[in-house]
Amino acid sequence: MKRLNLLLATILVCSLAFSRVQVDTISVFSPKMKKEVKSVVILPENYSIKKHYPVVYLLHGYSDNYAKWVKTVPAIKTLSTEHQFIIVCPDGGYSSWYFDSPIDSAFQYESYITRDLLPYVDTHYTTIPNRASRAITGLSMGGHGALYLAIRNPNLFGSAGSMSGGVDLRTSTKSYDIAKRIGSMEVNHAEWDNRSVINMVTNLKNKELNLIIDCGVSDFFYQINAGLHRRLMALKIDHDYIERPGEHNWQYWENSIRYQFLYFDRCFQKVK
């Protein structure tokens with residue numbers, strides 16, 4: 001009897017260990033930046049190579065790194081299982097804003113994510129490797145980055161979101177090291193205009209991209225997010241827009257990410 005109980009306990013422990021959420025730290029080489037760049041990959045419980053999963057790319061904010069999301073909001077591991085998709089948290093440098101800098105070869109993060117990281121993830125994990133089953137979102141700098149990358153790469157992303165995104169770079173000309181990435185506003189005014197998401201949406205066609213934008217009304221980026229919403233309304237581009245009490249902090253984003261993941265899950269379900 002004791003042996004039987006011991007065997008059953010062992011089987012239970014092995015079963016729990018097998019079903020645990022898997023969190024990988026991967027390193028992918030960037031030819032343009034000539035360095036390895038890390039990312040966190042979260043796989044749902046009971047991840048199987050016999051099944052193919054949608055993927056959500058989740059971008060961090062200014063001065064953070066690839067591990068910030070999973071360390072600060074560990075609940076995203078549970079959300080990965082709940083919604084049955086893979087979550088990828090790329091490193092975007094402390095102040096890349098997720099574009100290829102025209103003046104600094106060390107900051108080429110659009111190329112890294114779109115040319116290097118995506119193919120790696122689709123090769124090493126059982127993803128559904130098409131735009132309809134791939135989403136991207138992020139907070140603050142990452143919110144801008146997610147929309148920027150999705151608009152510029154419509155063949156790669158079918159859904160995109162932003163939480164408290166810095167969606168108009170021109171309101172931060174002296175902050176967040178943006179001038180180090182694209183030059184001063186006085187010298188490179190066109191770069192500031194062309195790389196600001198609030199201007200880039202004029203290139204969108206309605207229903208080309210599933211969009212969700214979220215910002216707290218006490219956030220210092222609230223006015224530019226409300227402005228982006230008005231611009232999309234004027235352009236007659238369908239999108240979900242959420243504004244509610246909240247500031248530019250992790251308390252807000254921990255709540256916000258649940259709505260964004262639910263939105264993406266629904267988008268993924270539509271294409272099944």
# chains A, B, ... in the order shown; residues from 1 in each chain; ligands from 1
call {"tool": "residues_around", "arguments": {"residues": "A:Tyr47", "least_positions_apart": "4", "cutoff": "9 Å", "atoms": "only C-alpha atoms", "output": "list in words"}}
result
Ser19, Val21, Gln22, Leu43, Lys51, Tyr53, Thr81 and Gln84 of chain A
call {"tool": "write_last_selection", "arguments": {"atoms": "C-alpha atoms", "output": "PDB file, in the first residue's frame"}}
result
ATOM      1  CA  SER A  19       1.935  20.807 -17.203  1.00  0.00           C
ATOM      2  CA  VAL A  21       3.942  26.976 -17.773  1.00  0.00           C
ATOM      3  CA  GLN A  22       7.282  27.042 -19.564  1.00  0.00           C
ATOM      4  CA  LEU A  43       4.412  28.765 -23.464  1.00  0.00           C
ATOM      5  CA  LYS A  51      -0.614  21.794 -31.733  1.00  0.00           C
ATOM      6  CA  TYR A  53      -0.513  28.394 -31.369  1.00  0.00           C
ATOM      7  CA  THR A  81      -2.629  29.213 -20.671  1.00  0.00           C
ATOM      8  CA  GLN A  84      -3.765  29.291 -25.398  1.00  0.00           C
TER       9      GLN A  84
END
call {"tool": "residues_around", "arguments": {"residues": "stretch 156-171 of chain A", "least_positions_apart": "4", "cutoff": "6 Å", "atoms": "only C-alpha atoms", "output": "PDB file with N, CA and C atoms, in the first residue's frame"}}
result
ATOM      1  N   ARG A 131      -0.085  36.280 -40.405  1.00  0.00           N
ATOM      2  CA  ARG A 131      -0.417  37.567 -39.784  1.00  0.00           C
ATOM      3  C   ARG A 131      -1.717  37.513 -38.982  1.00  0.00           C
ATOM      4  N   ALA A 132      -2.678  36.715 -39.444  1.00  0.00           N
ATOM      5  CA  ALA A 132      -3.971  36.659 -38.772  1.00  0.00           C
ATOM      6  C   ALA A 132      -3.874  36.063 -37.379  1.00  0.00           C
ATOM      7  N   ARG A 134      -1.118  36.461 -35.435  1.00  0.00           N
ATOM      8  CA  ARG A 134       0.022  37.130 -34.790  1.00  0.00           C
ATOM      9  C   ARG A 134      -0.395  38.551 -34.400  1.00  0.00           C
ATOM     10  N   ALA A 135      -0.163  38.904 -33.122  1.00  0.00           N
ATOM     11  CA  ALA A 135      -0.506  40.231 -32.606  1.00  0.00           C
ATOM     12  C   ALA A 135       0.704  40.840 -31.928  1.00  0.00           C
ATOM     13  N   ILE A 136       0.649  42.155 -31.754  1.00  0.00           N
ATOM     14  CA  ILE A 136       1.739  42.856 -31.069  1.00  0.00           C
ATOM     15  C   ILE A 136       1.149  44.009 -30.258  1.00  0.00           C
ATOM     16  N   THR A 137       1.634  44.160 -29.028  1.00  0.00           N
ATOM     17  CA  THR A 137       1.195  45.255 -28.176  1.00  0.00           C
ATOM     18  C   THR A 137       2.327  45.615 -27.220  1.00  0.00           C
ATOM     19  N   GLY A 138       2.121  46.657 -26.441  1.00  0.00           N
ATOM     20  CA  GLY A 138       3.144  47.068 -25.486  1.00  0.00           C
ATOM     21  C   GLY A 138       2.695  48.277 -24.707  1.00  0.00           C
ATOM     22  N   LEU A 139       3.508  48.659 -23.748  1.00  0.00           N
ATOM     23  CA  LEU A 139       3.191  49.810 -22.899  1.00  0.00           C
ATOM     24  C   LEU A 139       4.160  50.960 -23.164  1.00  0.00           C
ATOM     25  N   SER A 140       3.630  52.182 -23.125  1.00  0.00           N
ATOM     26  CA  SER A 140       4.426  53.402 -23.228  1.00  0.00           C
ATOM     27  C   SER A 140       5.269  53.406 -24.504  1.00  0.00           C
ATOM     28  N   MET A 141       6.590  53.363 -24.397  1.00  0.00           N
ATOM     29  CA  MET A 141       7.435  53.252 -25.582  1.00  0.00           C
ATOM     30  C   MET A 141       7.043  52.037 -26.406  1.00  0.00           C
ATOM     31  N   GLY A 143       4.067  50.699 -26.514  1.00  0.00           N
ATOM     32  CA  GLY A 143       2.782  50.929 -27.156  1.00  0.00           C
ATOM     33  C   GLY A 143       2.959  51.605 -28.502  1.00  0.00           C
ATOM     34  N   HIS A 144       3.817  52.620 -28.515  1.00  0.00           N
ATOM     35  CA  HIS A 144       4.157  53.254 -29.789  1.00  0.00           C
ATOM     36  C   HIS A 144       4.814  52.244 -30.717  1.00  0.00           C
ATOM     37  N   ALA A 150       3.390  47.292 -36.496  1.00  0.00           N
ATOM     38  CA  ALA A 150       2.250  46.685 -37.173  1.00  0.00           C
ATOM     39  C   ALA A 150       1.840  47.470 -38.419  1.00  0.00           C
ATOM     40  N   SER A 196       5.914  59.211 -36.059  1.00  0.00           N
ATOM     41  CA  SER A 196       4.874  59.313 -35.038  1.00  0.00           C
ATOM     42  C   SER A 196       3.631  58.552 -35.491  1.00  0.00           C
ATOM     43  N   VAL A 197       3.193  57.619 -34.679  1.00  0.00           N
ATOM     44  CA  VAL A 197       2.060  56.769 -35.023  1.00  0.00           C
ATOM     45  C   VAL A 197       0.818  57.575 -35.362  1.00  0.00           C
ATOM     46  N   ILE A 198       0.605  58.680 -34.655  1.00  0.00           N
ATOM     47  CA  ILE A 198      -0.597  59.476 -34.888  1.00  0.00           C
ATOM     48  C   ILE A 198      -0.658  59.980 -36.333  1.00  0.00           C
ATOM     49  N   LEU A 209      -6.189  46.228 -40.101  1.00  0.00           N
ATOM     50  CA  LEU A 209      -5.500  45.872 -38.864  1.00  0.00           C
ATOM     51  C   LEU A 209      -6.488  45.959 -37.709  1.00  0.00           C
ATOM     52  N   ASN A 210      -6.569  44.906 -36.905  1.00  0.00           N
ATOM     53  CA  ASN A 210      -7.379  44.959 -35.689  1.00  0.00           C
ATOM     54  C   ASN A 210      -6.637  45.803 -34.660  1.00  0.00           C
ATOM     55  N   LEU A 211      -7.297  46.845 -34.146  1.00  0.00           N
ATOM     56  CA  LEU A 211      -6.620  47.812 -33.277  1.00  0.00           C
ATOM     57  C   LEU A 211      -7.321  47.956 -31.936  1.00  0.00           C
ATOM     58  N   ILE A 212      -6.535  47.963 -30.850  1.00  0.00           N
ATOM     59  CA  ILE A 212      -7.053  48.292 -29.528  1.00  0.00           C
ATOM     60  C   ILE A 212      -6.093  49.270 -28.860  1.00  0.00           C
ATOM     61  N   ILE A 213      -6.631  50.394 -28.406  1.00  0.00           N
ATOM     62  CA  ILE A 213      -5.831  51.467 -27.797  1.00  0.00           C
ATOM     63  C   ILE A 213      -6.405  51.744 -26.414  1.00  0.00           C
ATOM     64  N   ASP A 214      -5.537  51.856 -25.423  1.00  0.00           N
ATOM     65  CA  ASP A 214      -5.962  51.906 -24.026  1.00  0.00           C
ATOM     66  C   ASP A 214      -5.083  52.912 -23.289  1.00  0.00           C
ATOM     67  N   CYS A 215      -5.725  53.830 -22.539  1.00  0.00           N
ATOM     68  CA  CYS A 215      -4.935  54.796 -21.773  1.00  0.00           C
ATOM     69  C   CYS A 215      -5.750  55.349 -20.608  1.00  0.00           C
TER      70      CYS A 215
END
call {"tool": "closest_residue", "arguments": {"among": "A:Gly142, A:Pro44, A:Gly93, A:Pro119", "to": "A:His60", "atoms": "only C-alpha atoms"}}
result
A:Gly142
call {"tool": "select_by_dssp", "arguments": {"residues": "stretch 48-231 of chain A", "states": "alpha helix (DSSP H)", "output": "mmCIF file with C-alpha atoms, in the first residue's frame"}}
result
data_model
loop_
_atom_site.group_PDB
_atom_site.id
_atom_site.type_symbol
_atom_site.label_atom_id
_atom_site.label_comp_id
_atom_site.auth_asym_id
_atom_site.auth_seq_id
_atom_site.Cartn_x
_atom_site.Cartn_y
_atom_site.Cartn_z
ATOM 1 C CA LYS A 68 10.298 43.351 -17.134
ATOM 2 C CA TRP A 69 6.838 42.121 -18.077
ATOM 3 C CA VAL A 70 7.145 38.594 -16.713
ATOM 4 C CA LYS A 71 8.837 39.771 -13.516
ATOM 5 C CA THR A 72 6.374 42.577 -12.808
ATOM 6 C CA ALA A 75 -0.026 36.716 -14.196
ATOM 7 C CA ILE A 76 0.710 36.856 -17.936
ATOM 8 C CA LYS A 77 1.881 33.247 -17.582
ATOM 9 C CA THR A 78 -1.620 32.273 -16.485
ATOM 10 C CA LEU A 79 -3.107 34.344 -19.297
ATOM 11 C CA SER A 80 -0.974 32.446 -21.801
ATOM 12 C CA THR A 81 -2.629 29.213 -20.671
ATOM 13 C CA GLU A 82 -6.092 30.748 -20.412
ATOM 14 C CA HIS A 83 -6.020 32.029 -23.987
ATOM 15 C CA TYR A 109 15.143 47.060 -33.411
ATOM 16 C CA GLU A 110 12.544 47.039 -36.178
ATOM 17 C CA SER A 111 14.847 44.846 -38.244
ATOM 18 C CA LEU A 118 9.841 36.392 -35.779
ATOM 19 C CA PRO A 119 11.420 33.777 -38.049
ATOM 20 C CA TYR A 120 13.275 32.300 -35.057
ATOM 21 C CA VAL A 121 10.075 31.957 -33.027
ATOM 22 C CA ASP A 122 8.164 30.427 -35.947
ATOM 23 C CA THR A 123 11.001 27.954 -36.548
ATOM 24 C CA HIS A 124 11.628 26.877 -32.934
ATOM 25 C CA MET A 141 7.435 53.252 -25.582
ATOM 26 C CA GLY A 142 6.306 49.727 -26.395
ATOM 27 C CA GLY A 143 2.782 50.929 -27.156
ATOM 28 C CA HIS A 144 4.157 53.254 -29.789
ATOM 29 C CA GLY A 145 6.486 50.506 -30.982
ATOM 30 C CA ALA A 146 3.717 47.945 -31.370
ATOM 31 C CA LEU A 147 1.563 50.222 -33.520
ATOM 32 C CA TYR A 148 4.603 51.447 -35.450
ATOM 33 C CA LEU A 149 5.736 47.908 -36.315
ATOM 34 C CA ALA A 150 2.250 46.685 -37.173
ATOM 35 C CA ILE A 151 1.493 49.613 -39.484
ATOM 36 C CA ARG A 152 4.832 49.302 -41.245
ATOM 37 C CA ILE A 178 14.252 59.983 -28.820
ATOM 38 C CA ALA A 179 16.507 62.717 -30.215
ATOM 39 C CA LYS A 180 19.461 60.340 -29.802
ATOM 40 C CA ARG A 181 17.708 57.883 -32.108
ATOM 41 C CA ILE A 182 16.471 60.245 -34.868
ATOM 42 C CA HIS A 189 11.680 67.494 -38.335
ATOM 43 C CA ALA A 190 10.449 65.091 -41.024
ATOM 44 C CA GLU A 191 11.721 62.101 -39.044
ATOM 45 C CA TRP A 192 9.645 63.137 -36.029
ATOM 46 C CA ASP A 193 6.558 63.573 -38.211
ATOM 47 C CA ASN A 194 6.948 60.378 -40.210
ATOM 48 C CA VAL A 197 2.060 56.769 -35.023
ATOM 49 C CA ILE A 198 -0.597 59.476 -34.888
ATOM 50 C CA ASN A 199 0.510 60.470 -38.411
ATOM 51 C CA MET A 200 1.227 56.944 -39.665
ATOM 52 C CA TYR A 222 -3.657 60.659 -22.279
ATOM 53 C CA GLN A 223 -4.138 63.656 -24.581
ATOM 54 C CA ILE A 224 -2.131 62.168 -27.444
ATOM 55 C CA ASN A 225 -3.981 58.844 -27.122
ATOM 56 C CA ALA A 226 -7.320 60.659 -27.186
ATOM 57 C CA GLY A 227 -5.986 62.532 -30.220
ATOM 58 C CA LEU A 228 -5.105 59.250 -31.925
ATOM 59 C CA HIS A 229 -8.628 57.993 -31.259
ATOM 60 C CA ARG A 230 -10.097 61.132 -32.833
ATOM 61 C CA ARG A 231 -7.803 60.770 -35.836
#
call {"tool": "closest_residue", "arguments": {"among": "A:Val56, A:Leu235, A:Ile42, A:Ile49", "to": "A:Ser133", "atoms": "only C-alpha atoms"}}
result
A:Val56
call {"tool": "select_by_dssp", "arguments": {"residues": "stretch 62-187 of chain A", "states": "strand (DSSP E)", "output": "list of chain:residue names"}}
result
A:Ile86, A:Ile87, A:Val88, A:Cys89, A:Pro90, A:Arg134, A:Ala135, A:Ile136, A:Thr137, A:Gly138, A:Ser159, A:Ala160, A:Gly161, A:Ser162, A:Met163
call {"tool": "write_last_selection", "arguments": {"atoms": "C-alpha atoms", "output": "mmCIF file, in the first residue's frame"}}
result
data_model
loop_
_atom_site.group_PDB
_atom_site.id
_atom_site.type_symbol
_atom_site.label_atom_id
_atom_site.label_comp_id
_atom_site.auth_asym_id
_atom_site.auth_seq_id
_atom_site.Cartn_x
_atom_site.Cartn_y
_atom_site.Cartn_z
ATOM 1 C CA ILE A 86 2.486 31.980 -26.962
ATOM 2 C CA ILE A 87 3.744 35.266 -25.534
ATOM 3 C CA VAL A 88 7.061 36.698 -26.706
ATOM 4 C CA CYS A 89 8.675 39.605 -24.821
ATOM 5 C CA PRO A 90 11.526 40.993 -26.947
ATOM 6 C CA ARG A 134 0.022 37.130 -34.790
ATOM 7 C CA ALA A 135 -0.506 40.231 -32.606
ATOM 8 C CA ILE A 136 1.739 42.856 -31.069
ATOM 9 C CA THR A 137 1.195 45.255 -28.176
ATOM 10 C CA GLY A 138 3.144 47.068 -25.486
ATOM 11 C CA SER A 159 -3.720 42.726 -34.711
ATOM 12 C CA ALA A 160 -2.036 45.443 -32.678
ATOM 13 C CA GLY A 161 -2.519 47.256 -29.394
ATOM 14 C CA SER A 162 -1.112 50.027 -27.274
ATOM 15 C CA MET A 163 -1.280 50.692 -23.526
#
call {"tool": "decode", "arguments": {"residues": "stretch 64-88 of chain A", "atoms": "N, CA and C atoms", "output": "PDB file, in the first residue's frame"}}
result
ATOM      1  N   ASP A  64      13.353  49.863 -19.659  1.00  0.00           N
ATOM      2  CA  ASP A  64      13.186  48.495 -19.171  1.00  0.00           C
ATOM      3  C   ASP A  64      13.834  47.505 -20.136  1.00  0.00           C
ATOM      4  N   ASN A  65      13.564  46.220 -19.942  1.00  0.00           N
ATOM      5  CA  ASN A  65      14.130  45.208 -20.820  1.00  0.00           C
ATOM      6  C   ASN A  65      13.169  44.040 -21.007  1.00  0.00           C
ATOM      7  N   TYR A  66      13.635  43.016 -21.696  1.00  0.00           N
ATOM      8  CA  TYR A  66      12.810  41.874 -22.087  1.00  0.00           C
ATOM      9  C   TYR A  66      12.169  41.139 -20.904  1.00  0.00           C
ATOM     10  N   ALA A  67      12.784  41.188 -19.726  1.00  0.00           N
ATOM     11  CA  ALA A  67      12.287  40.439 -18.569  1.00  0.00           C
ATOM     12  C   ALA A  67      11.294  41.226 -17.719  1.00  0.00           C
ATOM     13  N   LYS A  68      11.096  42.492 -18.010  1.00  0.00           N
ATOM     14  CA  LYS A  68      10.298  43.351 -17.134  1.00  0.00           C
ATOM     15  C   LYS A  68       8.851  42.889 -17.012  1.00  0.00           C
ATOM     16  N   TRP A  69       8.237  42.517 -18.118  1.00  0.00           N
ATOM     17  CA  TRP A  69       6.838  42.121 -18.077  1.00  0.00           C
ATOM     18  C   TRP A  69       6.621  40.894 -17.194  1.00  0.00           C
ATOM     19  N   VAL A  70       7.392  39.842 -17.441  1.00  0.00           N
ATOM     20  CA  VAL A  70       7.145  38.594 -16.713  1.00  0.00           C
ATOM     21  C   VAL A  70       7.504  38.714 -15.238  1.00  0.00           C
ATOM     22  N   LYS A  71       8.468  39.569 -14.918  1.00  0.00           N
ATOM     23  CA  LYS A  71       8.837  39.771 -13.516  1.00  0.00           C
ATOM     24  C   LYS A  71       7.813  40.629 -12.774  1.00  0.00           C
ATOM     25  N   THR A  72       7.278  41.627 -13.459  1.00  0.00           N
ATOM     26  CA  THR A  72       6.374  42.577 -12.808  1.00  0.00           C
ATOM     27  C   THR A  72       4.924  42.099 -12.824  1.00  0.00           C
ATOM     28  N   VAL A  73       4.545  41.424 -13.902  1.00  0.00           N
ATOM     29  CA  VAL A  73       3.173  40.921 -14.025  1.00  0.00           C
ATOM     30  C   VAL A  73       3.238  39.416 -14.318  1.00  0.00           C
ATOM     31  N   PRO A  74       3.604  38.613 -13.326  1.00  0.00           N
ATOM     32  CA  PRO A  74       3.716  37.160 -13.560  1.00  0.00           C
ATOM     33  C   PRO A  74       2.394  36.529 -13.985  1.00  0.00           C
ATOM     34  N   ALA A  75       1.285  37.240 -13.792  1.00  0.00           N
ATOM     35  CA  ALA A  75      -0.026  36.716 -14.196  1.00  0.00           C
ATOM     36  C   ALA A  75      -0.122  36.500 -15.706  1.00  0.00           C
ATOM     37  N   ILE A  76       0.775  37.090 -16.486  1.00  0.00           N
ATOM     38  CA  ILE A  76       0.710  36.856 -17.936  1.00  0.00           C
ATOM     39  C   ILE A  76       0.984  35.395 -18.260  1.00  0.00           C
ATOM     40  N   LYS A  77       1.667  34.681 -17.365  1.00  0.00           N
ATOM     41  CA  LYS A  77       1.881  33.247 -17.582  1.00  0.00           C
ATOM     42  C   LYS A  77       0.549  32.505 -17.526  1.00  0.00           C
ATOM     43  N   THR A  78      -0.291  32.868 -16.583  1.00  0.00           N
ATOM     44  CA  THR A  78      -1.620  32.273 -16.485  1.00  0.00           C
ATOM     45  C   THR A  78      -2.476  32.654 -17.691  1.00  0.00           C
ATOM     46  N   LEU A  79      -2.335  33.888 -18.142  1.00  0.00           N
ATOM     47  CA  LEU A  79      -3.107  34.344 -19.297  1.00  0.00           C
ATOM     48  C   LEU A  79      -2.704  33.601 -20.572  1.00  0.00           C
ATOM     49  N   SER A  80      -1.430  33.234 -20.662  1.00  0.00           N
ATOM     50  CA  SER A  80      -0.974  32.446 -21.801  1.00  0.00           C
ATOM     51  C   SER A  80      -1.732  31.116 -21.874  1.00  0.00           C
ATOM     52  N   THR A  81      -1.891  30.475 -20.724  1.00  0.00           N
ATOM     53  CA  THR A  81      -2.629  29.213 -20.671  1.00  0.00           C
ATOM     54  C   THR A  81      -4.117  29.432 -20.913  1.00  0.00           C
ATOM     55  N   GLU A  82      -4.658  30.469 -20.286  1.00  0.00           N
ATOM     56  CA  GLU A  82      -6.092  30.748 -20.412  1.00  0.00           C
ATOM     57  C   GLU A  82      -6.502  30.956 -21.858  1.00  0.00           C
ATOM     58  N   HIS A  83      -5.671  31.700 -22.603  1.00  0.00           N
ATOM     59  CA  HIS A  83      -6.020  32.029 -23.987  1.00  0.00           C
ATOM     60  C   HIS A  83      -5.343  31.110 -25.006  1.00  0.00           C
ATOM     61  N   GLN A  84      -4.451  30.260 -24.525  1.00  0.00           N
ATOM     62  CA  GLN A  84      -3.765  29.291 -25.398  1.00  0.00           C
ATOM     63  C   GLN A  84      -3.006  29.974 -26.539  1.00  0.00           C
ATOM     64  N   PHE A  85      -2.195  30.971 -26.148  1.00  0.00           N
ATOM     65  CA  PHE A  85      -1.250  31.490 -27.116  1.00  0.00           C
ATOM     66  C   PHE A  85       0.125  31.690 -26.500  1.00  0.00           C
ATOM     67  N   ILE A  86       1.101  31.755 -27.360  1.00  0.00           N
ATOM     68  CA  ILE A  86       2.486  31.980 -26.962  1.00  0.00           C
ATOM     69  C   ILE A  86       2.692  33.482 -26.804  1.00  0.00           C
ATOM     70  N   ILE A  87       3.403  33.862 -25.758  1.00  0.00           N
ATOM     71  CA  ILE A  87       3.744  35.266 -25.534  1.00  0.00           C
ATOM     72  C   ILE A  87       5.243  35.435 -25.699  1.00  0.00           C
ATOM     73  N   VAL A  88       5.642  36.409 -26.492  1.00  0.00           N
ATOM     74  CA  VAL A  88       7.061  36.698 -26.706  1.00  0.00           C
ATOM     75  C   VAL A  88       7.344  38.127 -26.259  1.00  0.00           C
TER      76      VAL A  88
END
